[in-house]
Amino acid sequence: MGDNSLGSLKIVGGNPLRGTVVPIPNKNSIVVALPASILTDETVIYNNVPQSTDVQKILEMIVLLGGEFTWTSANSVSVCCKNLKSYKVDFALGNLIRASILFAGPLLVRFGVAEIPVPGGCVLGKRSIASHVDVFNKLGIVTEFFDGFVRFTLPKKITSCSIWQNEASVTATENFAMLVAGLSGNTISLTDAACEPHVVDLLKLLSDMGASITGAGSNIITVSGKKLKGATFVAGPDFVDIGGFIVASALTHGNITIRGGNVPEITGGMVNWFRKFGIKIVESGQDLVVDGNCELKIDQINSGFPLAGEDLLKFAPRPWPGFPVDVLPPVVTLACKTNGKLLINNWMYETGLEFCKDLNLIGANIQMIDSQKIIVNGPVTFKGGEVTPPGIIQAVKALFLASLADPVTTVVHNADILKRRYPDIVAGYTSLGANISPV
């Protein structure tokens, strides 16, 4: 399904991208909503599901645990876990993607024990599962590490209580919510909960399945467990995909209408930051219209960026509702084509800016201060070439977008990782006028 194996992409840039696109649904919503099917014996239906490689792997894990799924259409899948037989996630699959940790809460509900491979995913530095261990331990759950696995074991009884997270971890919040939602008779509050759109999507699904939840979209959530039933799930639009189209329109001086992209509670803050670069973005009903025929410029007087020094502005991602870290790599590419100097700090991931070395290879002017801080000097003209960015989805996306900007040829290796989130990325951008071919 989707684009065939990408491997490497040859991109001839310089074409203005014009047309209308529909953003994919939020991948991070879907990969957590699928394990939630384990919480009930009834069927859960998922609509508008892209057949990305991460989605396919999650479904394979469910089957190996004893569940069943059926694609009822190209983008709808029904999942039933009535006959679940195992609490141990397959090592080979679970080690590949970080989302495998999201099986912990549901399996604890079903079996009282869960064994999860220490998860993998993008190469973004030291991404431990300490937040999950911390939340589970505060509920009395015992944690053991063995042979590349982590085993969680429920205590004989969990009583109603209130706990704090050490950080606003998205996946730990999701594991907490699924665990407590399935433990009938308990009411537990979590403070410093994550409130990203994919967390809100999950909490809505759990509510539809019968749990009582208050505080969705805030940093304090309270979950009362019930016997859960089947439900139907539809993820919201992927703000990361929307951010990519906004950057692409600006880089190519195009004009892109993003159908259904105007969702203020999801995209409002991000759109506000993109406007600070000079991008013209108009809300038109439920759509966003991005006019790339604009002057990309930041300055101390008019941009609204905070100061990092006498002649230097700064930018950094923040937990929601701040600017999302997954959209930071496209922002780096955007800054390369923007008149001005910008300090960017990816304080969340130790190696999240390594791809900037590849941007420099094709003409960027980026000073690497350390592994988490850079200064971008723009504007530049990309000169093309051949790059092999690290195995990080959004890092490859940043090089992909840079390759569209100027009338030169760029070969981007490691492109197959894009299919983890964007199964049809080549077809989507080609429909707007991009010149892309697998090599």
# chains A, B, ... in the order shown; residues from 1 in each chain; ligands from 1
call {"tool": "closest_atom_pairs", "arguments": {"of": "region 35-92 of chain A", "to": "region 165-181 of chain A", "cutoff": "12 Å", "atoms": "only C-alpha atoms", "output": "JSON lines"}}
result
{"residue": "A:Pro35", "atom": "CA", "partner": "A:Met178", "partner_atom": "CA", "distance": 9.0}
{"residue": "A:Ala36", "atom": "CA", "partner": "A:Met178", "partner_atom": "CA", "distance": 6.7}
{"residue": "A:Ser37", "atom": "CA", "partner": "A:Met178", "partner_atom": "CA", "distance": 10.0}
{"residue": "A:Ile38", "atom": "CA", "partner": "A:Met178", "partner_atom": "CA", "distance": 9.7}
{"residue": "A:Leu39", "atom": "CA", "partner": "A:Met178", "partner_atom": "CA", "distance": 7.7}
{"residue": "A:Thr40", "atom": "CA", "partner": "A:Ala181", "partner_atom": "CA", "distance": 10.8}
call {"tool": "residues_around", "arguments": {"residues": "region 77-87 of chain A", "least_positions_apart": "2", "cutoff": "7 Å", "atoms": "only C-alpha atoms", "output": "list of chain:residue names"}}
result
A:Ser37, A:Ile38, A:Thr40, A:Asp41, A:Glu42, A:Thr43, A:Val44, A:Ile45, A:Tyr46, A:Asn47, A:Leu65, A:Gly66, A:Gly67, A:Glu68, A:Phe69, A:Thr70, A:Trp71, A:Thr72, A:Asn75, A:Val89, A:Leu107, A:Phe111, A:Val113, A:Ala114, A:Glu115
call {"tool": "closest_residue", "arguments": {"among": "A:Ala402, A:Ile129, A:Leu205, A:Ile366", "to": "Lys383 (chain A)", "atoms": "only C-alpha atoms"}}
result
A:Ala402
call {"tool": "select_by_dssp", "arguments": {"residues": "region 57-231 of chain A", "states": "strand (DSSP E)", "output": "MDAnalysis selection string"}}
result
chainID A and resid 68:73 76:80 113:117 142:146 149:153 161:164 187:191 212:214 220:224
call {"tool": "write_last_selection", "arguments": {"atoms": "C-alpha atoms", "output": "compact mmCIF listing (two decimals), in the first residue's frame"}}
result
# COMPACT_ATOMS: atom_id res chain seq x y z
CA GLU A 68 -7.54 -10.25 14.78
CA PHE A 69 -7.97 -7.42 12.30
CA THR A 70 -9.76 -6.94 8.99
CA TRP A 71 -9.34 -4.14 6.49
CA THR A 72 -12.95 -3.34 5.63
CA SER A 73 -11.87 -0.76 3.06
CA SER A 76 -10.76 1.36 7.56
CA VAL A 77 -9.76 -1.51 9.81
CA SER A 78 -11.69 -3.40 12.50
CA VAL A 79 -9.78 -5.00 15.38
CA CYS A 80 -11.02 -7.64 17.83
CA VAL A 113 1.51 -8.55 33.47
CA ALA A 114 3.08 -7.14 30.31
CA GLU A 115 6.42 -7.92 28.69
CA ILE A 116 7.58 -5.34 26.16
CA PRO A 117 10.85 -5.20 24.18
CA VAL A 142 6.65 -3.70 39.68
CA THR A 143 9.21 -3.20 36.90
CA GLU A 144 11.92 -5.70 35.89
CA PHE A 145 14.38 -5.65 32.98
CA PHE A 146 15.58 -8.90 31.39
CA PHE A 149 12.57 -6.82 27.64
CA VAL A 150 10.86 -4.87 30.40
CA ARG A 151 8.26 -6.70 32.50
CA PHE A 152 5.51 -4.80 34.31
CA THR A 153 3.44 -6.60 36.97
CA CYS A 161 -5.20 8.24 44.17
CA SER A 162 -3.55 11.25 42.56
CA ILE A 163 -0.04 11.10 41.09
CA TRP A 164 2.39 13.46 39.37
CA THR A 187 -10.49 6.86 39.89
CA ILE A 188 -6.96 8.22 39.49
CA SER A 189 -5.70 11.69 38.58
CA LEU A 190 -2.47 12.48 36.75
CA THR A 191 -0.87 15.91 37.08
CA SER A 212 -15.20 8.42 32.59
CA ILE A 213 -12.52 11.04 31.88
CA THR A 214 -12.23 14.70 32.79
CA ILE A 220 -4.50 17.38 34.85
CA ILE A 221 -6.62 14.41 33.79
CA THR A 222 -8.82 12.20 35.95
CA VAL A 223 -9.76 8.72 34.72
CA SER A 224 -12.39 6.42 36.22
call {"tool": "residues_around", "arguments": {"residues": "Thr333 (chain A)", "least_positions_apart": "5", "cutoff": "9 Å", "atoms": "only C-alpha atoms", "output": "list in words"}}
result
Val247, Leu251, Leu328, Cys356, Leu359, Ala364, Ala398, Leu399, Leu401 and Ala402 of chain A
call {"tool": "residues_around", "arguments": {"residues": "Pro321 (chain A)", "least_positions_apart": "5", "cutoff": "8 Å", "atoms": "only C-alpha atoms", "output": "NGL selection string"}}
result
:A and (195-196 or 269)
call {"tool": "write_last_selection", "arguments": {"atoms": "C-alpha atoms", "output": "tab-separated table (two decimals), in the first residue's frame"}}
result
chain	number	residue	atom	x	y	z
A	195	CYS	CA	-2.13	17.38	26.28
A	196	GLU	CA	-1.05	16.92	22.64
A	269	GLY	CA	-0.27	28.01	17.47
call {"tool": "select_by_dssp", "arguments": {"residues": "region 129-346 of chain A", "states": "alpha helix (DSSP H)", "output": "PyMOL selection string"}}
result
chain A and resi 130-138+170-182+197-208+239-252+264-275+328-336
call {"tool": "residues_around", "arguments": {"residues": "Pro50 (chain A)", "least_positions_apart": "6", "cutoff": "12 Å", "atoms": "only C-alpha atoms", "output": "PyMOL selection string"}}
result
chain A and resi 1-3+23-31+56+71+73-77+234-235+237-238+419-425
call {"tool": "closest_atom_pairs", "arguments": {"of": "region 337-375 of chain A", "to": "region 296-318 of chain A", "cutoff": "7 Å", "atoms": "only C-alpha atoms", "output": "CSV"}}
result
residue,atom,partner,partner_atom,distance
A:Thr338,CA,A:Leu296,CA,4.7
A:Asn339,CA,A:Lys297,CA,4.5
A:Gly340,CA,A:Ile298,CA,5.4
A:Lys341,CA,A:Leu312,CA,6.2
A:Leu342,CA,A:Leu313,CA,5.1
A:Leu343,CA,A:Lys314,CA,4.4
A:Ile344,CA,A:Phe315,CA,4.9
A:Asn345,CA,A:Ala316,CA,5.1
A:Asn346,CA,A:Ala316,CA,6.1
call {"tool": "write_last_selection", "arguments": {"atoms": "N, CA and C atoms", "output": "mmCIF file, in the first residue's frame"}}
result
data_model
loop_
_atom_site.group_PDB
_atom_site.id
_atom_site.type_symbol
_atom_site.label_atom_id
_atom_site.label_comp_id
_atom_site.auth_asym_id
_atom_site.auth_seq_id
_atom_site.Cartn_x
_atom_site.Cartn_y
_atom_site.Cartn_z
ATOM 1 N N THR A 338 15.329 31.909 4.794
ATOM 2 C CA THR A 338 14.763 33.129 5.367
ATOM 3 C C THR A 338 15.857 34.155 5.626
ATOM 4 N N ASN A 339 15.589 35.383 5.290
ATOM 5 C CA ASN A 339 16.550 36.462 5.515
ATOM 6 C C ASN A 339 16.624 36.764 7.012
ATOM 7 N N GLY A 340 17.758 36.410 7.626
ATOM 8 C CA GLY A 340 17.926 36.639 9.050
ATOM 9 C C GLY A 340 18.770 35.550 9.680
ATOM 10 N N LYS A 341 19.030 35.714 10.962
ATOM 11 C CA LYS A 341 19.862 34.766 11.709
ATOM 12 C C LYS A 341 19.054 34.261 12.898
ATOM 13 N N LEU A 342 19.051 32.943 13.101
ATOM 14 C CA LEU A 342 18.179 32.354 14.111
ATOM 15 C C LEU A 342 18.916 31.274 14.895
ATOM 16 N N LEU A 343 18.880 31.390 16.220
ATOM 17 C CA LEU A 343 19.384 30.334 17.104
ATOM 18 C C LEU A 343 18.255 29.345 17.347
ATOM 19 N N ILE A 344 18.499 28.077 17.048
ATOM 20 C CA ILE A 344 17.495 27.032 17.249
ATOM 21 C C ILE A 344 18.032 26.032 18.260
ATOM 22 N N ASN A 345 17.206 25.713 19.257
ATOM 23 C CA ASN A 345 17.608 24.810 20.334
ATOM 24 C C ASN A 345 16.634 23.644 20.402
ATOM 25 N N ASN A 346 17.096 22.454 20.028
ATOM 26 C CA ASN A 346 16.291 21.243 20.206
ATOM 27 C C ASN A 346 16.703 20.601 21.529
#
call {"tool": "closest_residue", "arguments": {"among": "A:Cys294, A:Val331, A:Leu183, A:Val118", "to": "Gly254 (chain A)", "atoms": "only C-alpha atoms"}}
result
A:Cys294
call {"tool": "residues_around", "arguments": {"residues": "Lys157 (chain A)", "least_positions_apart": "4", "cutoff": "10 Å", "atoms": "only C-alpha atoms", "output": "ChimeraX atom specification"}}
result
/A:139-141,186
call {"tool": "write_last_selection", "arguments": {"atoms": "C-alpha atoms", "output": "PDB file, in the first residue's frame"}}
result
ATOM      1  CA  LEU A 139       0.720   3.000  41.072  1.00  0.00           C
ATOM      2  CA  GLY A 140       2.519   0.080  42.719  1.00  0.00           C
ATOM      3  CA  ILE A 141       3.408  -1.711  39.482  1.00  0.00           C
ATOM      4  CA  ASN A 186     -10.638   3.080  40.249  1.00  0.00           C
TER       5      ASN A 186
END
call {"tool": "decode", "arguments": {"residues": "region 147-175 of chain A", "atoms": "C-alpha atoms", "output": "PDB file, in the first residue's frame"}}
result
ATOM      1  CA  ASP A 147      17.038 -10.046  28.047  1.00  0.00           C
ATOM      2  CA  GLY A 148      16.085  -6.875  26.165  1.00  0.00           C
ATOM      3  CA  PHE A 149      12.566  -6.821  27.640  1.00  0.00           C
ATOM      4  CA  VAL A 150      10.863  -4.871  30.396  1.00  0.00           C
ATOM      5  CA  ARG A 151       8.263  -6.698  32.502  1.00  0.00           C
ATOM      6  CA  PHE A 152       5.510  -4.796  34.309  1.00  0.00           C
ATOM      7  CA  THR A 153       3.438  -6.601  36.972  1.00  0.00           C
ATOM      8  CA  LEU A 154       0.267  -5.270  38.589  1.00  0.00           C
ATOM      9  CA  PRO A 155      -0.017  -5.283  42.385  1.00  0.00           C
ATOM     10  CA  LYS A 156      -2.907  -7.176  43.959  1.00  0.00           C
ATOM     11  CA  LYS A 157      -4.812  -3.929  44.257  1.00  0.00           C
ATOM     12  CA  ILE A 158      -4.550  -0.391  42.926  1.00  0.00           C
ATOM     13  CA  THR A 159      -6.453   2.168  44.965  1.00  0.00           C
ATOM     14  CA  SER A 160      -7.820   5.505  43.833  1.00  0.00           C
ATOM     15  CA  CYS A 161      -5.201   8.235  44.169  1.00  0.00           C
ATOM     16  CA  SER A 162      -3.547  11.249  42.560  1.00  0.00           C
ATOM     17  CA  ILE A 163      -0.039  11.099  41.090  1.00  0.00           C
ATOM     18  CA  TRP A 164       2.387  13.465  39.366  1.00  0.00           C
ATOM     19  CA  GLN A 165       4.540  12.841  36.321  1.00  0.00           C
ATOM     20  CA  ASN A 166       8.174  13.912  36.452  1.00  0.00           C
ATOM     21  CA  GLU A 167       7.718  15.340  32.947  1.00  0.00           C
ATOM     22  CA  ALA A 168       4.798  15.804  30.567  1.00  0.00           C
ATOM     23  CA  SER A 169       5.519  12.578  28.677  1.00  0.00           C
ATOM     24  CA  VAL A 170       3.062  11.885  25.862  1.00  0.00           C
ATOM     25  CA  THR A 171       3.338   8.099  25.762  1.00  0.00           C
ATOM     26  CA  ALA A 172       3.466   7.731  29.560  1.00  0.00           C
ATOM     27  CA  THR A 173       0.264   9.793  29.774  1.00  0.00           C
ATOM     28  CA  GLU A 174      -1.313   7.505  27.171  1.00  0.00           C
ATOM     29  CA  ASN A 175      -0.213   4.332  28.980  1.00  0.00           C
TER      30      ASN A 175
END
